[in-house]
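The block underneath contains the structure these notes are about, expressed in structure tokens.
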Amino acid sequence: MTSPISRFPVAELHDLPEDIRERILEVQEKSGFVPNVFLGLARRPAEFRAFFALHDTLMDKDEGLSKAEREMIVVATSGANGCLYCVVAHGAIVRIRARNPLLADQLAINYRKADITPRQRAMLDFAMKVALRSHEVEASDFETLRQHGFDDEAIYDIGAITAFFAMSNRIANFTSMMPNEEFYLLGRAPKEG
């Protein structure tokens with residue numbers, strides 16, 4: 001028996017506005033399946049568009065942080081926020097982008113023991129502070145990041161990604177959004193052929 005992907009009604013692809021349907025079909029063509037988050041959020045088209053516009057703006061660039069590092073932030077902070085969907089889905093992306101089948105699990109459980117660079121450790125220390133104790137962020141946190149080569153734009157991105165996914169984690173949690181089974185296997189073993 002397959003569990004529902006959300007506590008709320010899930011959009012039917014044929015009922016969606018054309019731009020959203022096209023976006024979902026592009027993702028399906030690229031990945032081979034439709035991530036549940038797309039169908040879960042598509043039930044409210046205006047919010048879907050706003051959510052993915054900010055998501056894409058934060059996650060689809062390489063300036064200051066690599067795409068793998070951006071995903072590392074998501075996995076570590078989503079683990080701290082107890083978000084199954086984001087840990088599993090973005091963990092798959094970390095495994096693929098970092099080309100490391102072990103890293104996502106390490107980040108989700110305890111990034112301090114993960115096989116990462118000192119620069120990445122500083123990045124995740126800051127992200128976790130933003131995720132769990134943002135009211136304690138101070139100038140010395142920025143100085144530490146600058147010592148590791150992060151400029152102000154990269155520092156802003158670390159904080160913005162953390163904040164965006166705090167919202168995403170909470171939506172996934174209160175809706176009981178379930179990750180697609182496909183995510184669990186992605187990036188764990190080398191592709192054949």
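Residue numbering restarts at 1 in every chain; chains get A, B, ... in the order shown in the structure tokens, and ligands count up from 1 in that same order.
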
Using backbone DSSP assignments, extract all helix (DSSP H, G or I) residues from chain A; output them as a PyMOL selection string.
-> chain A and resi 13-15+18-31+36-41+45-59+67-80+84-97+103-113+118-136+139-147+152-175+181-185

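By chain and then residue number, the residues within 8 Å of Leu16 (chain A) are Ala11, Arg21, Ala42, Arg43 and Pro45 of chain A, counting only C-alpha atoms and disregarding those fewer than 5 positions away in sequence.
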
Using only C-alpha atoms, determine which residues lie at most 9 Å from Glu63 (chain A), disregarding the query and same-chain residues fewer than 2 positions distant; provide the list as a VMD selection string.
-> chain A and resid 61 65 to 67 153 to 154

Proximity of region 30-88 of chain A to region 114-133 of chain A: per-residue shortest pair, 10 Å limit, only C-alpha atoms, as JSON lines:
```
{"residue": "A:Leu65", "atom": "CA", "partner": "A:Met123", "partner_atom": "CA", "distance": 9.5}
{"residue": "A:Glu69", "atom": "CA", "partner": "A:Gln120", "partner_atom": "CA", "distance": 7.4}
{"residue": "A:Arg70", "atom": "CA", "partner": "A:Met123", "partner_atom": "CA", "distance": 9.8}
{"residue": "A:Met72", "atom": "CA", "partner": "A:Leu124", "partner_atom": "CA", "distance": 8.0}
{"residue": "A:Ile73", "atom": "CA", "partner": "A:Leu124", "partner_atom": "CA", "distance": 6.3}
{"residue": "A:Val74", "atom": "CA", "partner": "A:Ala127", "partner_atom": "CA", "distance": 9.0}
{"residue": "A:Ala76", "atom": "CA", "partner": "A:Leu124", "partner_atom": "CA", "distance": 7.3}
{"residue": "A:Thr77", "atom": "CA", "partner": "A:Met128", "partner_atom": "CA", "distance": 6.0}
{"residue": "A:Ser78", "atom": "CA", "partner": "A:Ala131", "partner_atom": "CA", "distance": 8.9}
{"residue": "A:Ala80", "atom": "CA", "partner": "A:Met128", "partner_atom": "CA", "distance": 7.9}
{"residue": "A:Asn81", "atom": "CA", "partner": "A:Ala131", "partner_atom": "CA", "distance": 8.1}
```

Let me see the file: selected residues, C-alpha atoms, as a PDB file, in the first residue's frame.
```pdb
ATOM      1  CA  LEU A  65      28.968  28.750  -3.230  1.00  0.00           C
ATOM      2  CA  GLU A  69      27.476  23.452  -1.128  1.00  0.00           C
ATOM      3  CA  ARG A  70      24.035  25.027  -1.488  1.00  0.00           C
ATOM      4  CA  MET A  72      24.750  20.735   1.765  1.00  0.00           C
ATOM      5  CA  ILE A  73      23.177  23.675   3.619  1.00  0.00           C
ATOM      6  CA  VAL A  74      19.709  22.326   2.857  1.00  0.00           C
ATOM      7  CA  ALA A  76      22.247  19.837   7.300  1.00  0.00           C
ATOM      8  CA  THR A  77      19.626  22.391   8.343  1.00  0.00           C
ATOM      9  CA  SER A  78      16.720  20.190   7.253  1.00  0.00           C
ATOM     10  CA  ALA A  80      18.159  19.846  12.369  1.00  0.00           C
ATOM     11  CA  ASN A  81      14.563  20.804  11.551  1.00  0.00           C
TER      12      ASN A  81
END
```

How far is it from CA of Glu71 (chain A) to CA of Ile93 (chain A), in Å with one decimal?
-> 6.9 Å
